[in-house]
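Structure below is entry.pdb: PDB, C-alpha atoms.
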```
ATOM      1  CA  ALA A   1     132.328  70.206 150.767  1.00  0.00           C
ATOM      2  CA  CYS A   2     134.480  73.139 149.613  1.00  0.00           C
ATOM      3  CA  ASP A   3     137.328  70.723 148.912  1.00  0.00           C
ATOM      4  CA  ARG A   4     135.154  68.633 146.611  1.00  0.00           C
ATOM      5  CA  PHE A   5     133.449  71.626 145.007  1.00  0.00           C
ATOM      6  CA  ASP A   6     136.813  73.209 144.179  1.00  0.00           C
ATOM      7  CA  MET A   7     138.061  69.937 142.692  1.00  0.00           C
ATOM      8  CA  LEU A   8     134.989  69.659 140.478  1.00  0.00           C
ATOM      9  CA  ARG A   9     135.552  73.204 139.221  1.00  0.00           C
ATOM     10  CA  ALA A  10     139.246  72.489 138.653  1.00  0.00           C
ATOM     11  CA  LEU A  11     138.443  69.374 136.610  1.00  0.00           C
ATOM     12  CA  SER A  12     136.024  71.390 134.484  1.00  0.00           C
ATOM     13  CA  LEU A  13     138.673  74.062 133.882  1.00  0.00           C
ATOM     14  CA  LEU A  14     141.260  71.436 132.958  1.00  0.00           C
ATOM     15  CA  VAL A  15     138.877  69.941 130.398  1.00  0.00           C
ATOM     16  CA  ASP A  16     138.325  73.451 128.993  1.00  0.00           C
ATOM     17  CA  GLU A  17     142.096  73.967 128.791  1.00  0.00           C
ATOM     18  CA  VAL A  18     142.634  70.750 126.830  1.00  0.00           C
ATOM     19  CA  THR A  19     139.640  71.466 124.602  1.00  0.00           C
ATOM     20  CA  ALA A  20     141.122  74.860 123.712  1.00  0.00           C
ATOM     21  CA  LEU A  21     144.338  73.244 122.456  1.00  0.00           C
ATOM     22  CA  THR A  22     144.917  72.819 118.733  1.00  0.00           C
ATOM     23  CA  PRO A  23     147.191  70.378 116.894  1.00  0.00           C
ATOM     24  CA  GLU A  24     149.664  73.255 116.603  1.00  0.00           C
ATOM     25  CA  THR A  25     149.612  74.142 120.330  1.00  0.00           C
ATOM     26  CA  ALA A  26     149.112  70.680 121.841  1.00  0.00           C
ATOM     27  CA  PHE A  27     152.709  70.290 122.919  1.00  0.00           C
ATOM     28  CA  THR A  28     152.947  73.668 124.628  1.00  0.00           C
ATOM     29  CA  VAL A  29     151.570  72.002 127.790  1.00  0.00           C
ATOM     30  CA  ASP A  30     153.755  69.745 129.924  1.00  0.00           C
ATOM     31  CA  TYR A  31     151.303  66.838 130.111  1.00  0.00           C
ATOM     32  CA  LEU A  32     151.361  66.150 126.349  1.00  0.00           C
ATOM     33  CA  ARG A  33     154.504  65.002 124.522  1.00  0.00           C
ATOM     34  CA  PRO A  34     155.331  64.579 120.835  1.00  0.00           C
ATOM     35  CA  GLU A  35     157.148  61.280 121.315  1.00  0.00           C
ATOM     36  CA  VAL A  36     158.044  58.640 123.867  1.00  0.00           C
ATOM     37  CA  VAL A  37     161.668  58.962 124.884  1.00  0.00           C
ATOM     38  CA  GLU A  38     163.450  55.636 125.233  1.00  0.00           C
ATOM     39  CA  ASP A  39     164.433  55.269 128.867  1.00  0.00           C
ATOM     40  CA  TRP A  40     166.429  52.087 128.835  1.00  0.00           C
ATOM     41  CA  ASP A  41     169.334  52.225 131.226  1.00  0.00           C
ATOM     42  CA  HIS A  42     171.819  49.646 130.053  1.00  0.00           C
ATOM     43  CA  ASP A  43     175.314  49.228 128.693  1.00  0.00           C
ATOM     44  CA  GLU A  44     175.338  47.327 125.422  1.00  0.00           C
ATOM     45  CA  PHE A  45     178.802  46.005 126.233  1.00  0.00           C
ATOM     46  CA  THR A  46     177.697  44.369 129.510  1.00  0.00           C
ATOM     47  CA  VAL A  47     174.208  43.147 128.529  1.00  0.00           C
ATOM     48  CA  ASN A  48     173.965  39.745 126.924  1.00  0.00           C
ATOM     49  CA  GLU A  49     173.313  40.058 123.182  1.00  0.00           C
ATOM     50  CA  LEU A  50     170.323  37.704 123.327  1.00  0.00           C
ATOM     51  CA  ILE A  51     168.728  39.701 126.167  1.00  0.00           C
ATOM     52  CA  LEU A  52     169.322  42.935 124.276  1.00  0.00           C
ATOM     53  CA  LYS A  53     167.709  41.474 121.182  1.00  0.00           C
ATOM     54  CA  ARG A  54     164.642  40.399 123.154  1.00  0.00           C
ATOM     55  CA  ARG A  55     164.356  43.828 124.728  1.00  0.00           C
ATOM     56  CA  LYS A  56     164.402  45.510 121.347  1.00  0.00           C
ATOM     57  CA  ALA A  57     161.798  43.058 120.034  1.00  0.00           C
ATOM     58  CA  ARG A  58     159.488  43.786 122.982  1.00  0.00           C
ATOM     59  CA  ARG A  59     160.022  47.500 122.490  1.00  0.00           C
ATOM     60  CA  ALA A  60     159.150  47.257 118.786  1.00  0.00           C
ATOM     61  CA  LYS A  61     155.961  45.311 119.590  1.00  0.00           C
ATOM     62  CA  PHE A  62     155.038  47.853 122.285  1.00  0.00           C
ATOM     63  CA  GLU A  63     155.428  50.734 119.822  1.00  0.00           C
ATOM     64  CA  GLN A  64     153.336  49.142 117.066  1.00  0.00           C
ATOM     65  CA  GLY A  65     150.254  51.077 118.125  1.00  0.00           C
ATOM     66  CA  PHE A  66     152.036  54.414 118.571  1.00  0.00           C
ATOM     67  CA  VAL A  67     150.905  57.402 116.539  1.00  0.00           C
ATOM     68  CA  THR A  68     153.272  58.257 113.720  1.00  0.00           C
ATOM     69  CA  GLY A  69     153.587  61.264 111.435  1.00  0.00           C
ATOM     70  CA  ASP A  70     154.523  64.898 111.840  1.00  0.00           C
ATOM     71  CA  ASP A  71     153.923  67.047 114.936  1.00  0.00           C
ATOM     72  CA  ILE A  72     150.550  68.240 113.652  1.00  0.00           C
ATOM     73  CA  THR A  73     149.309  64.667 113.272  1.00  0.00           C
ATOM     74  CA  LYS A  74     150.654  63.729 116.682  1.00  0.00           C
ATOM     75  CA  GLY A  75     149.267  66.926 118.215  1.00  0.00           C
ATOM     76  CA  LYS A  76     145.787  66.098 116.951  1.00  0.00           C
ATOM     77  CA  ALA A  77     146.050  62.563 118.332  1.00  0.00           C
ATOM     78  CA  ALA A  78     147.441  63.753 121.672  1.00  0.00           C
ATOM     79  CA  ARG A  79     144.608  66.265 122.153  1.00  0.00           C
ATOM     80  CA  ALA A  80     141.970  63.644 121.301  1.00  0.00           C
ATOM     81  CA  ALA A  81     143.572  61.105 123.646  1.00  0.00           C
ATOM     82  CA  ALA A  82     143.773  63.644 126.486  1.00  0.00           C
ATOM     83  CA  LEU A  83     140.090  64.513 126.113  1.00  0.00           C
ATOM     84  CA  SER A  84     139.145  60.832 125.991  1.00  0.00           C
ATOM     85  CA  PHE A  85     141.219  60.123 129.087  1.00  0.00           C
ATOM     86  CA  LEU A  86     139.637  63.040 130.976  1.00  0.00           C
ATOM     87  CA  GLN A  87     136.149  61.913 129.934  1.00  0.00           C
ATOM     88  CA  ASN A  88     136.763  58.438 131.363  1.00  0.00           C
ATOM     89  CA  PHE A  89     138.438  59.935 134.425  1.00  0.00           C
ATOM     90  CA  CYS A  90     135.520  62.280 135.120  1.00  0.00           C
ATOM     91  CA  ASP A  91     132.962  59.523 134.550  1.00  0.00           C
ATOM     92  CA  LYS A  92     134.626  57.626 137.396  1.00  0.00           C
ATOM     93  CA  TRP A  93     135.474  60.401 139.851  1.00  0.00           C
ATOM     94  CA  VAL A  94     132.831  63.134 139.465  1.00  0.00           C
ATOM     95  CA  PRO A  95     130.055  60.969 141.017  1.00  0.00           C
ATOM     96  CA  LYS A  96     132.414  60.094 143.880  1.00  0.00           C
ATOM     97  CA  LEU A  97     133.262  63.756 144.470  1.00  0.00           C
ATOM     98  CA  VAL A  98     129.587  64.683 144.420  1.00  0.00           C
ATOM     99  CA  LYS A  99     128.799  61.903 146.900  1.00  0.00           C
ATOM    100  CA  GLY A 100     131.653  62.610 149.317  1.00  0.00           C
ATOM    101  CA  ASP A 101     132.679  60.392 152.219  1.00  0.00           C
ATOM    102  CA  ALA A 102     132.605  60.879 155.975  1.00  0.00           C
ATOM    103  CA  ARG A 103     136.212  59.664 156.214  1.00  0.00           C
ATOM    104  CA  SER A 104     137.289  62.773 154.326  1.00  0.00           C
ATOM    105  CA  SER A 105     135.989  65.108 157.065  1.00  0.00           C
ATOM    106  CA  LEU A 106     139.153  65.192 159.145  1.00  0.00           C
ATOM    107  CA  VAL A 107     139.901  67.694 161.861  1.00  0.00           C
ATOM    108  CA  MET A 108     143.388  68.835 162.803  1.00  0.00           C
ATOM    109  CA  GLY A 109     145.250  66.107 164.679  1.00  0.00           C
ATOM    110  CA  GLU A 110     143.506  63.162 162.993  1.00  0.00           C
ATOM    111  CA  TYR A 111     145.384  60.655 160.851  1.00  0.00           C
ATOM    112  CA  ARG A 112     145.633  60.986 157.094  1.00  0.00           C
ATOM    113  CA  HIS A 113     147.550  58.524 154.929  1.00  0.00           C
ATOM    114  CA  ALA A 114     150.784  59.872 153.482  1.00  0.00           C
ATOM    115  CA  PRO A 115     151.028  60.848 149.773  1.00  0.00           C
ATOM    116  CA  GLY A 116     151.590  57.762 147.669  1.00  0.00           C
ATOM    117  CA  MET A 117     150.028  55.447 150.283  1.00  0.00           C
ATOM    118  CA  LYS A 118     146.642  54.907 148.697  1.00  0.00           C
ATOM    119  CA  GLU A 119     143.773  54.516 151.142  1.00  0.00           C
ATOM    120  CA  ILE A 120     141.571  51.481 150.584  1.00  0.00           C
ATOM    121  CA  ARG A 121     137.891  52.369 150.394  1.00  0.00           C
ATOM    122  CA  PRO A 122     134.791  50.441 149.278  1.00  0.00           C
ATOM    123  CA  LYS A 123     134.189  50.544 145.547  1.00  0.00           C
ATOM    124  CA  ASP A 124     130.960  52.521 145.862  1.00  0.00           C
ATOM    125  CA  SER A 125     132.278  55.047 148.397  1.00  0.00           C
ATOM    126  CA  GLY A 126     132.671  58.763 147.784  1.00  0.00           C
ATOM    127  CA  ALA A 127     135.971  60.599 147.521  1.00  0.00           C
ATOM    128  CA  ASP A 128     137.784  63.852 148.189  1.00  0.00           C
ATOM    129  CA  SER A 129     140.398  65.737 146.176  1.00  0.00           C
ATOM    130  CA  GLU A 130     143.338  63.774 147.575  1.00  0.00           C
ATOM    131  CA  GLU A 131     141.889  60.509 146.308  1.00  0.00           C
ATOM    132  CA  VAL A 132     141.642  62.041 142.835  1.00  0.00           C
ATOM    133  CA  PHE A 133     145.237  63.261 142.951  1.00  0.00           C
ATOM    134  CA  GLU A 134     146.432  59.817 144.056  1.00  0.00           C
ATOM    135  CA  GLU A 135     144.839  58.243 140.986  1.00  0.00           C
ATOM    136  CA  LEU A 136     146.831  60.538 138.696  1.00  0.00           C
ATOM    137  CA  TRP A 137     150.006  60.295 140.803  1.00  0.00           C
ATOM    138  CA  GLU A 138     150.089  56.523 140.269  1.00  0.00           C
ATOM    139  CA  TYR A 139     150.854  57.008 136.573  1.00  0.00           C
ATOM    140  CA  ALA A 140     154.236  58.540 137.502  1.00  0.00           C
ATOM    141  CA  ASP A 141     155.963  59.260 134.157  1.00  0.00           C
ATOM    142  CA  GLU A 142     153.977  56.676 132.174  1.00  0.00           C
ATOM    143  CA  GLY A 143     151.476  57.346 129.408  1.00  0.00           C
ATOM    144  CA  VAL A 144     147.973  55.941 128.990  1.00  0.00           C
ATOM    145  CA  GLN A 145     147.793  52.381 127.702  1.00  0.00           C
ATOM    146  CA  LYS A 146     145.207  50.795 125.421  1.00  0.00           C
ATOM    147  CA  MET A 147     144.200  54.124 123.889  1.00  0.00           C
ATOM    148  CA  LEU A 148     145.110  55.548 120.501  1.00  0.00           C
ATOM    149  CA  GLY A 149     147.561  58.358 121.177  1.00  0.00           C
ATOM    150  CA  GLY A 150     147.641  57.490 124.875  1.00  0.00           C
ATOM    151  CA  GLU A 151     151.420  57.266 124.850  1.00  0.00           C
ATOM    152  CA  LEU A 152     151.496  61.018 124.204  1.00  0.00           C
ATOM    153  CA  VAL A 153     149.505  61.820 127.369  1.00  0.00           C
ATOM    154  CA  LEU A 154     151.152  62.048 130.804  1.00  0.00           C
ATOM    155  CA  PRO A 155     148.463  61.815 133.520  1.00  0.00           C
ATOM    156  CA  GLY A 156     151.080  62.312 136.246  1.00  0.00           C
ATOM    157  CA  LEU A 157     151.923  65.780 134.930  1.00  0.00           C
ATOM    158  CA  MET A 158     148.249  66.360 134.238  1.00  0.00           C
ATOM    159  CA  GLY A 159     147.716  65.834 137.955  1.00  0.00           C
ATOM    160  CA  GLN A 160     150.296  68.519 138.728  1.00  0.00           C
ATOM    161  CA  ARG A 161     148.496  70.923 136.423  1.00  0.00           C
ATOM    162  CA  LEU A 162     145.178  70.010 138.055  1.00  0.00           C
ATOM    163  CA  ARG A 163     146.680  70.812 141.474  1.00  0.00           C
ATOM    164  CA  GLU A 164     147.775  74.251 140.199  1.00  0.00           C
ATOM    165  CA  ILE A 165     144.289  74.971 138.865  1.00  0.00           C
ATOM    166  CA  ARG A 166     142.667  73.777 142.068  1.00  0.00           C
ATOM    167  CA  ALA A 167     144.920  76.053 144.157  1.00  0.00           C
ATOM    168  CA  ALA A 168     143.745  79.040 142.121  1.00  0.00           C
ATOM    169  CA  VAL A 169     140.110  77.930 142.444  1.00  0.00           C
ATOM    170  CA  ALA A 170     140.499  77.475 146.215  1.00  0.00           C
ATOM    171  CA  ALA A 171     141.908  80.989 146.546  1.00  0.00           C
ATOM    172  CA  GLU A 172     138.936  82.335 144.610  1.00  0.00           C
ATOM    173  CA  SER A 173     136.521  80.348 146.789  1.00  0.00           C
ATOM    174  CA  LYS A 174     138.142  81.725 149.933  1.00  0.00           C
ATOM    175  CA  GLY A 175     137.646  85.246 148.624  1.00  0.00           C
ATOM    176  CA  THR A 176     134.000  84.483 147.905  1.00  0.00           C
ATOM    177  CA  LEU A 177     133.485  83.109 151.410  1.00  0.00           C
ATOM    178  CA  LEU A 178     135.072  86.174 153.010  1.00  0.00           C
ATOM    179  CA  GLU A 179     133.115  88.569 150.826  1.00  0.00           C
ATOM    180  CA  LEU A 180     129.668  86.962 150.800  1.00  0.00           C
ATOM    181  CA  ILE A 181     129.419  84.324 153.540  1.00  0.00           C
ATOM    182  CA  ALA A 182     131.384  85.823 156.443  1.00  0.00           C
ATOM    183  CA  PRO A 183     129.092  88.889 156.767  1.00  0.00           C
ATOM    184  CA  GLU A 184     126.028  86.630 156.875  1.00  0.00           C
ATOM    185  CA  LEU A 185     127.609  84.472 159.582  1.00  0.00           C
ATOM    186  CA  ARG A 186     128.434  87.599 161.571  1.00  0.00           C
ATOM    187  CA  LYS A 187     124.809  88.759 161.320  1.00  0.00           C
ATOM    188  CA  ALA A 188     123.564  85.354 162.482  1.00  0.00           C
ATOM    189  CA  ARG A 189     126.001  85.364 165.397  1.00  0.00           C
ATOM    190  CA  ILE A 190     124.789  88.791 166.531  1.00  0.00           C
ATOM    191  CA  GLU A 191     121.142  87.816 166.145  1.00  0.00           C
ATOM    192  CA  TYR A 192     121.171  84.369 167.730  1.00  0.00           C
ATOM    193  CA  THR A 193     123.930  84.603 170.384  1.00  0.00           C
ATOM    194  CA  ASP A 194     124.893  87.043 173.136  1.00  0.00           C
ATOM    195  CA  TYR A 195     127.901  88.205 171.100  1.00  0.00           C
ATOM    196  CA  VAL A 196     128.323  91.986 171.019  1.00  0.00           C
ATOM    197  CA  GLU A 197     130.328  93.110 167.993  1.00  0.00           C
ATOM    198  CA  GLU A 198     131.670  96.232 169.759  1.00  0.00           C
ATOM    199  CA  ASP A 199     133.233  94.011 172.433  1.00  0.00           C
ATOM    200  CA  GLY A 200     134.841  91.629 169.942  1.00  0.00           C
ATOM    201  CA  ASP A 201     138.582  91.422 169.413  1.00  0.00           C
ATOM    202  CA  GLY A 202     138.387  90.621 165.711  1.00  0.00           C
ATOM    203  CA  LEU A 203     139.494  87.027 166.223  1.00  0.00           C
ATOM    204  CA  GLY A 204     137.547  83.919 165.374  1.00  0.00           C
ATOM    205  CA  ALA A 205     136.920  81.245 167.995  1.00  0.00           C
ATOM    206  CA  TYR A 206     139.724  78.997 166.782  1.00  0.00           C
ATOM    207  CA  GLU A 207     142.256  81.838 166.651  1.00  0.00           C
ATOM    208  CA  ARG A 208     141.274  82.925 170.176  1.00  0.00           C
ATOM    209  CA  PHE A 209     141.634  79.390 171.573  1.00  0.00           C
ATOM    210  CA  HIS A 210     144.940  78.959 169.763  1.00  0.00           C
ATOM    211  CA  MET A 211     146.367  82.223 171.109  1.00  0.00           C
ATOM    212  CA  GLN A 212     145.249  81.453 174.663  1.00  0.00           C
ATOM    213  CA  ALA A 213     146.821  77.995 174.474  1.00  0.00           C
ATOM    214  CA  LYS A 214     150.137  79.523 173.461  1.00  0.00           C
ATOM    215  CA  LEU A 215     149.964  81.886 176.430  1.00  0.00           C
ATOM    216  CA  ASP A 216     149.155  79.259 179.061  1.00  0.00           C
ATOM    217  CA  GLY A 217     151.348  76.527 177.567  1.00  0.00           C
ATOM    218  CA  SER A 218     148.537  74.112 176.728  1.00  0.00           C
ATOM    219  CA  GLU A 219     148.651  74.471 172.957  1.00  0.00           C
ATOM    220  CA  ASN A 220     146.556  71.799 171.266  1.00  0.00           C
ATOM    221  CA  GLU A 221     145.581  71.626 167.585  1.00  0.00           C
ATOM    222  CA  ALA A 222     142.429  69.532 168.220  1.00  0.00           C
ATOM    223  CA  TYR A 223     140.077  71.879 170.054  1.00  0.00           C
ATOM    224  CA  SER A 224     136.677  70.269 170.468  1.00  0.00           C
ATOM    225  CA  THR A 225     133.621  71.508 168.646  1.00  0.00           C
ATOM    226  CA  ALA A 226     131.762  71.545 171.979  1.00  0.00           C
ATOM    227  CA  ALA A 227     134.346  73.864 173.529  1.00  0.00           C
ATOM    228  CA  ILE A 228     134.192  76.280 170.613  1.00  0.00           C
ATOM    229  CA  ILE A 229     130.382  76.295 170.637  1.00  0.00           C
ATOM    230  CA  ALA A 230     130.390  76.904 174.390  1.00  0.00           C
ATOM    231  CA  GLU A 231     132.851  79.769 173.991  1.00  0.00           C
ATOM    232  CA  MET A 232     130.623  81.339 171.348  1.00  0.00           C
ATOM    233  CA  SER A 233     127.625  81.041 173.722  1.00  0.00           C
ATOM    234  CA  ILE A 234     125.449  79.244 171.201  1.00  0.00           C
ATOM    235  CA  ASN A 235     122.424  77.583 172.811  1.00  0.00           C
TER     236      ASN A 235
END
```
Before we go any further, please render this structure as structure tokens.
Amino acid sequence: ACDRFDMLRALSLLVDEVTALTPETAFTVDYLRPEVVEDWDHDEFTVNELILKRRKARRAKFEQGFVTGDDITKGKAARAAALSFLQNFCDKWVPKLVKGDARSSLVMGEYRHAPGMKEIRPKDSGADSEEVFEELWEYADEGVQKMLGGELVLPGLMGQRLREIRAAVAAESKGTLLELIAPELRKARIEYTDYVEEDGDGLGAYERFHMQAKLDGSENEAYSTAAIIAEMSIN
């Protein structure tokens, strides 16, 4: 739940960041660019002239819908395209993040697909932050197609910026949990279990199990919930 909540906050902050841009400052962020750099990798002396001609013709047709003009004109178009892209992106992923999915609730030791290996889920299923990042990662260094000014937007780099924002949000959430939630959990533990705070060692259940496992040589990252509950003497 915290994972999805932090991602929702990060998306909102990213939208605010793009909204705050102006045509003059649009290209101060990495995920917007003033022009599409030609990335052909060929040697004109070794490529057949006819093939080269066809490539140039395809390139010219591809660029017909590109935004032209000075940097201010392009900056305005890039900002508008970025906001439009984020609107469509949020329309798709915010409901999924709100819904969530049981397959996202992994404990240590369980399998998780590697980055870049997109997990196949039903169309109406929920999602977690990694699914959102995968969607942006797939763009690589490509722009957005079929959108005015989309060639000036780089969703792949936008995903990197989103990850930075989410890291900051997660750190803030952790601080909030330690400041506001942890004391309440401690009170509940004292009230509803036989735990005596004066006898505690300052470690949480997981840390205590982990330390003991290191000492007796049975270290295991997947301690069962039942074992931890039993250790905490919760009835």
Could you write out as a ChimeraX atom specification the residues that the PyMOL selection byres ((chain A and resi 94) around 10) matches in the shown file? /A:4,7-8,11,89-93,95-100,126-127,132
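Using only C-alpha atoms, the nearest neighbour of Pro34 of chain A within the list A:Leu215, A:Leu185, A:Val153, A:Ile120 is A:Val153.
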All residues 12 Å or closer to Arg161 of chain A, only C-alpha atoms, same chain fewer than 2 positions away omitted, as an MDAnalysis selection string: chainID A and resid 10:11 13:15 17:18 29:32 133 136:137 154:159 163:168
Go through the shown structure with the PyMOL selection byres ((chain A and resi 79) around 12) and write out the matching residues as a ChimeraX atom specification. /A:15-29,31-34,71-78,80-86,148-154
Keeping only C-alpha atoms, write those residues as an mmCIF file, in the frame of the given file.
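again_20.cif, written as the output of this step:
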```cif
data_model
loop_
_atom_site.group_PDB
_atom_site.id
_atom_site.type_symbol
_atom_site.label_atom_id
_atom_site.label_comp_id
_atom_site.auth_asym_id
_atom_site.auth_seq_id
_atom_site.Cartn_x
_atom_site.Cartn_y
_atom_site.Cartn_z
ATOM 1 C CA VAL A 15 138.877 69.941 130.398
ATOM 2 C CA ASP A 16 138.325 73.451 128.993
ATOM 3 C CA GLU A 17 142.096 73.967 128.791
ATOM 4 C CA VAL A 18 142.634 70.750 126.830
ATOM 5 C CA THR A 19 139.640 71.466 124.602
ATOM 6 C CA ALA A 20 141.122 74.860 123.712
ATOM 7 C CA LEU A 21 144.338 73.244 122.456
ATOM 8 C CA THR A 22 144.917 72.819 118.733
ATOM 9 C CA PRO A 23 147.191 70.378 116.894
ATOM 10 C CA GLU A 24 149.664 73.255 116.603
ATOM 11 C CA THR A 25 149.612 74.142 120.330
ATOM 12 C CA ALA A 26 149.112 70.680 121.841
ATOM 13 C CA PHE A 27 152.709 70.290 122.919
ATOM 14 C CA THR A 28 152.947 73.668 124.628
ATOM 15 C CA VAL A 29 151.570 72.002 127.790
ATOM 16 C CA TYR A 31 151.303 66.838 130.111
ATOM 17 C CA LEU A 32 151.361 66.150 126.349
ATOM 18 C CA ARG A 33 154.504 65.002 124.522
ATOM 19 C CA PRO A 34 155.331 64.579 120.835
ATOM 20 C CA ASP A 71 153.923 67.047 114.936
ATOM 21 C CA ILE A 72 150.550 68.240 113.652
ATOM 22 C CA THR A 73 149.309 64.667 113.272
ATOM 23 C CA LYS A 74 150.654 63.729 116.682
ATOM 24 C CA GLY A 75 149.267 66.926 118.215
ATOM 25 C CA LYS A 76 145.787 66.098 116.951
ATOM 26 C CA ALA A 77 146.050 62.563 118.332
ATOM 27 C CA ALA A 78 147.441 63.753 121.672
ATOM 28 C CA ALA A 80 141.970 63.644 121.301
ATOM 29 C CA ALA A 81 143.572 61.105 123.646
ATOM 30 C CA ALA A 82 143.773 63.644 126.486
ATOM 31 C CA LEU A 83 140.090 64.513 126.113
ATOM 32 C CA SER A 84 139.145 60.832 125.991
ATOM 33 C CA PHE A 85 141.219 60.123 129.087
ATOM 34 C CA LEU A 86 139.637 63.040 130.976
ATOM 35 C CA LEU A 148 145.110 55.548 120.501
ATOM 36 C CA GLY A 149 147.561 58.358 121.177
ATOM 37 C CA GLY A 150 147.641 57.490 124.875
ATOM 38 C CA GLU A 151 151.420 57.266 124.850
ATOM 39 C CA LEU A 152 151.496 61.018 124.204
ATOM 40 C CA VAL A 153 149.505 61.820 127.369
ATOM 41 C CA LEU A 154 151.152 62.048 130.804
#
```
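Reported to one decimal place, the separation of atom CA of Ala170 of chain A from atom CA of Lys123 of chain A is 27.7 Å.
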